[in-house]
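Below is one structure, written out as structure tokens, with a few remarks after it.
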Amino acid sequence: MEVWIFNYVLFFLIFYFLTQRLLQNRGLPPSPALSLPIIGHLHLIKKPLHRTLAKLSTQHGPILFLRFGSRPVLVVSSPSATEECLSKNDTVFANRPRLLAGKHLGYDYTTLVWAPYGDHWRNLRRVASLQLLSSNRVQKYLGIRMDEVKSLVVRLFGSNSKGSGEFQVVEMKSMFFELTLNVMMRMIAGKRYCRDGEDELEEEKKFKEIVRESFQVSGATNIVDFVPILKWVGLNKIEKKLEILQRKRDEFMQNLIDERRKLTSSNSCYDQNSKTIVDVLLSAQETDPDYYTDDTIRGFMQVLLSAGTDTSAATMEWGLSLLLNNPKTLEKAREEIDMEVGQSRLIHESDYERLAYLHAIISETFRMCPPGPLLVPHESSEECMVGGFSIPRGTMLL
């Protein structure tokens, strides 16, 4: 047994170093010298990832080539290189890397986020932009957004009035998360799951547990994605968690779909203006049931829920933190709102075009604290040139 392992490792090392020697003359971008067998440059990676990559880019240049285990990785950190990747070579880098999260949470790489570039992806994008998130559809959900903002304001005033009249410490992160979660769930399925001052129903507890698990598991680093051989030695615990989580999510979201299907079929006087996103997809399913399957609908639900909750909540939290640490900016923003809106009502979305300073604050918040400091990874579908360097097929772009 030991001899077999030794021979296998020896063969792998010889193959690895021969491959590295052959690649040296292929015109690849600069790369850190110390690339170890099996793990590549993974030993150089520390948290947070974007700061480690920024440090490496400072040392080796704006176009950097790494190896995360068996995966080649291209890191670009200059505007010109980024434009070349996503403009000149946009179709080449239109694919996503096939990670385990996409297999289990992305319905075997068929959702909008994980699907490869092609007819299916283009159709999903068309449905999302023209039917689910069109300007007209988003405007119809204005009442939901305003209602949830009012609920948050009432909750904040209530937390301050419970004590002795003095200022109270308030944990805003969870409040912002519940705000965005309620907005998205009401848009998607017509239900809210975070209710203030009321006992949680069993369904609400189950939903919150699924949401928490989703962000924990999807945010975890899965070493098997980069060193597949570890899967065969039992280091695939995250994959098992992904499988369990997906079963929970499927069951929960299928119940929501069945509820909306039953409601719309039994109510002939159903208000078309109160259609949820699930309702829109169920209408499309009646026209083309072979394409708009329940799997497709659940995929849309999961993508929208993931993209519209934690990212928005984190941005609002950082924006509030920046304002509290810059009181002069906060005071100037307050003066603009008092002048343009007054103090008798909340800000409406129609007021935003007159609030130039508030717009500037929001833009600066996105610049300083982007919800994702790294783009969602792309992958090259064929060999291409970036900055005069040759980029192999199957290279992950960060």
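Following the order of the structure tokens, chains are lettered A, B, ..., residues in each are numbered from 1, and ligands are numbered from 1.
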
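The protein and nucleic acid residues lying at most 10 Å from A:Lys206 are Tyr193, Glu200, Lys248, Arg249 and Phe252 of chain A, with only C-alpha atoms considered and sequence neighbours fewer than 6 positions away removed.
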
At a cut-off of 9 Å, can you tabulate as JSON lines every residue of stretch 165-246 of chain A near stretch 130-153 of chain A together with its closest atom pair and the distance in Å to one decimal, using only C-alpha atoms and ordering rows by chain then number?
{"residue": "A:Met175", "atom": "CA", "partner": "A:Leu152", "partner_atom": "CA", "distance": 7.4}
{"residue": "A:Phe176", "atom": "CA", "partner": "A:Leu152", "partner_atom": "CA", "distance": 8.4}
{"residue": "A:Leu179", "atom": "CA", "partner": "A:Glu148", "partner_atom": "CA", "distance": 6.3}
{"residue": "A:Thr180", "atom": "CA", "partner": "A:Glu148", "partner_atom": "CA", "distance": 8.5}
{"residue": "A:Asn182", "atom": "CA", "partner": "A:Glu148", "partner_atom": "CA", "distance": 7.2}
{"residue": "A:Val183", "atom": "CA", "partner": "A:Arg145", "partner_atom": "CA", "distance": 6.0}
{"residue": "A:Arg186", "atom": "CA", "partner": "A:Ile144", "partner_atom": "CA", "distance": 7.2}
{"residue": "A:Met187", "atom": "CA", "partner": "A:Tyr141", "partner_atom": "CA", "distance": 6.8}
{"residue": "A:Asp196", "atom": "CA", "partner": "A:Ser151", "partner_atom": "CA", "distance": 8.7}

Handout entry: Close residues, A:Phe215 itself excluded, 12 Å, only C-alpha atoms, min 3 positions apart in chain, as a PyMOL selection string
Key = chain A and resi 101+105+208-212+218-221+242+245+302+305-307+309-311

Write the selection just made, keeping C-alpha atoms, as a PDB file, in the first residue's frame?
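Saved result, selection_13.pdb, follows:
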ATOM      1  CA  ALA A 101     -22.201  25.322  -5.204  1.00  0.00           C
ATOM      2  CA  LEU A 105     -27.610  25.144  -5.323  1.00  0.00           C
ATOM      3  CA  LYS A 208     -34.861  31.902   8.796  1.00  0.00           C
ATOM      4  CA  GLU A 209     -32.871  28.743   9.456  1.00  0.00           C
ATOM      5  CA  ILE A 210     -32.668  28.041   5.720  1.00  0.00           C
ATOM      6  CA  VAL A 211     -31.557  31.622   5.003  1.00  0.00           C
ATOM      7  CA  ARG A 212     -28.838  31.475   7.659  1.00  0.00           C
ATOM      8  CA  SER A 218     -22.420  29.347   0.102  1.00  0.00           C
ATOM      9  CA  GLY A 219     -19.819  31.654   1.655  1.00  0.00           C
ATOM     10  CA  ALA A 220     -17.574  28.804   2.791  1.00  0.00           C
ATOM     11  CA  THR A 221     -14.475  27.896   0.809  1.00  0.00           C
ATOM     12  CA  LEU A 242     -24.844  21.674   0.174  1.00  0.00           C
ATOM     13  CA  LEU A 245     -29.393  22.509   2.282  1.00  0.00           C
ATOM     14  CA  GLN A 302     -33.176  31.423  -5.132  1.00  0.00           C
ATOM     15  CA  LEU A 305     -33.398  36.017  -2.842  1.00  0.00           C
ATOM     16  CA  SER A 306     -29.628  35.604  -2.653  1.00  0.00           C
ATOM     17  CA  ALA A 307     -28.857  38.679  -4.751  1.00  0.00           C
ATOM     18  CA  THR A 309     -30.974  40.464   0.630  1.00  0.00           C
ATOM     19  CA  ASP A 310     -27.523  40.229   2.193  1.00  0.00           C
ATOM     20  CA  THR A 311     -25.838  42.486  -0.390  1.00  0.00           C
TER      21      THR A 311
END

Handout entry: Residues within 12 Å of A:Ile238, only C-alpha atoms, excluding chain neighbours under 5 positions, as a PyMOL selection string
Key = chain A and resi 99-101+104+213-214+216-225+231+243-245

Practice task
Considering only C-alpha atoms, return as a PyMOL selection string whatever protein or nucleic-acid residues lie within 8 Å of A:Val75, sequence-local ones (same chain, fewer than 5 positions apart) excluded.
Solution key: chain A and resi 53+57+62-66+397-398

Practice task
Could you tell me how far atom CA of A:Asn326 lies from atom CA of A:Glu349, in Å and to one decimal?
Solution key: 24.6 Å

Exercise for the section: Enumerate, as number ranges by chain, the complete set of residues in stretch 167-382 of chain A that a backbone-based DSSP assignment places in helix (DSSP H, G or I). Expected result: A: 172-189, 202-218, 223-225, 228-233, 237-266, 272-274, 277-287, 294-308, 310-324, 327-340, 349-354, 356-368

Exercise for the section: Would you kindly return, as an MDAnalysis selection string, each protein, DNA or RNA residue with an atom no farther than 6 Å from any atom of A:Arg96, considering only C-alpha atoms and excluding same-chain residues fewer than 2 positions away? Expected result: chainID A and resid 114 378:379

For the residues in the current selection, export C-alpha atoms as an mmCIF file, in the first residue's frame.
data_model
loop_
_atom_site.group_PDB
_atom_site.id
_atom_site.type_symbol
_atom_site.label_atom_id
_atom_site.label_comp_id
_atom_site.auth_asym_id
_atom_site.auth_seq_id
_atom_site.Cartn_x
_atom_site.Cartn_y
_atom_site.Cartn_z
ATOM 1 C CA TRP A 114 -24.544 29.404 -13.007
ATOM 2 C CA HIS A 378 -16.030 34.077 -14.767
ATOM 3 C CA GLU A 379 -14.281 31.382 -16.788
#

Practice task
Find the spatial neighbours of A:Lys332, counting only C-alpha atoms, within a cut-off of 10 Å - ignore same-chain residues fewer than 6 positions away - and output them as a PyMOL selection string.
Solution key: chain A and resi 338+357-358

Just to be explicit: take each residue in the selection above, keep C-alpha atoms, and write the result as a compact mmCIF listing (two decimals), in the first residue's frame.
# COMPACT_ATOMS: atom_id res chain seq x y z
CA ASP A 338 -35.30 68.98 5.01
CA TYR A 357 -26.08 65.10 -2.34
CA LEU A 358 -27.78 61.89 -1.17

Practice task
Can you work out which one of A:Leu374, A:Leu281, A:Leu322, A:Ala81 has the shortest atom-to-atom distance to A:Arg51, counting only C-alpha atoms?
Solution key: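 Smallest separation from A:Arg51 among the options: A:Leu374.
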
Problem - Separation of atom CA of A:Thr315 from atom CA of A:Pro370 in Å - result: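 Between atom CA of A:Pro370 and atom CA of A:Thr315 the gap works out to 7.1 Å.
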
Exercise for the section: Among the residues of stretch 7-134 of chain A, find those DSSP assigns to strand (DSSP E) from the backbone and print them as a ChimeraX atom specification. Expected result: /A:63-68,71-76

May I have the residues from that selection written out with C-alpha atoms, as a PDB file, in the first residue's frame?
ATOM      1  CA  ILE A  63      -2.478  41.069 -14.766  1.00  0.00           C
ATOM      2  CA  LEU A  64      -1.594  38.122 -12.557  1.00  0.00           C
ATOM      3  CA  PHE A  65      -1.710  34.378 -13.197  1.00  0.00           C
ATOM      4  CA  LEU A  66      -2.227  31.988 -10.271  1.00  0.00           C
ATOM      5  CA  ARG A  67      -3.036  28.355  -9.730  1.00  0.00           C
ATOM      6  CA  PHE A  68      -5.646  27.441  -7.152  1.00  0.00           C
ATOM      7  CA  ARG A  71      -7.565  25.587 -11.541  1.00  0.00           C
ATOM      8  CA  PRO A  72      -5.734  28.319 -13.458  1.00  0.00           C
ATOM      9  CA  VAL A  73      -6.793  31.758 -12.200  1.00  0.00           C
ATOM     10  CA  LEU A  74      -6.429  35.181 -13.842  1.00  0.00           C
ATOM     11  CA  VAL A  75      -6.502  38.217 -11.533  1.00  0.00           C
ATOM     12  CA  VAL A  76      -6.953  41.627 -13.202  1.00  0.00           C
TER      13      VAL A  76
END

Handout entry: Given only C-alpha atoms as the counted atoms, nearest of A:Pro32, A:Gly394, A:Gly387, A:Pro37 to A:Lys88
Key =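 With only C-alpha atoms as the atom set, the closest residue is A:Gly387.
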
Practice task
Rounded to one decimal place, report the atom CA of A:Thr82-atom CA of A:Met385 distance in Å.
Solution key: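 Separation between atom CA of A:Thr82 and atom CA of A:Met385: 12.5 Å.
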
Go through stretch 228-320 of chain A and flag each residue having an atom no more than 9 Å from stretch 166-173 of chain A; for those, report the closest pair of atoms plus their distance in Å to one decimal, using only C-alpha atoms, ordered by chain and rising number, as JSON lines.
{"residue": "A:Ala313", "atom": "CA", "partner": "A:Lys173", "partner_atom": "CA", "distance": 7.0}
{"residue": "A:Ala314", "atom": "CA", "partner": "A:Lys173", "partner_atom": "CA", "distance": 7.4}
{"residue": "A:Met316", "atom": "CA", "partner": "A:Lys173", "partner_atom": "CA", "distance": 8.6}
{"residue": "A:Glu317", "atom": "CA", "partner": "A:Lys173", "partner_atom": "CA", "distance": 6.1}

I need the chosen residues saved as a PDB file, in the first residue's frame, with C-alpha atoms.
ATOM      1  CA  ALA A 313     -28.365  44.975   3.859  1.00  0.00           C
ATOM      2  CA  ALA A 314     -24.556  45.094   4.013  1.00  0.00           C
ATOM      3  CA  MET A 316     -26.964  50.027   3.986  1.00  0.00           C
ATOM      4  CA  GLU A 317     -25.056  49.067   7.115  1.00  0.00           C
TER       5      GLU A 317
END
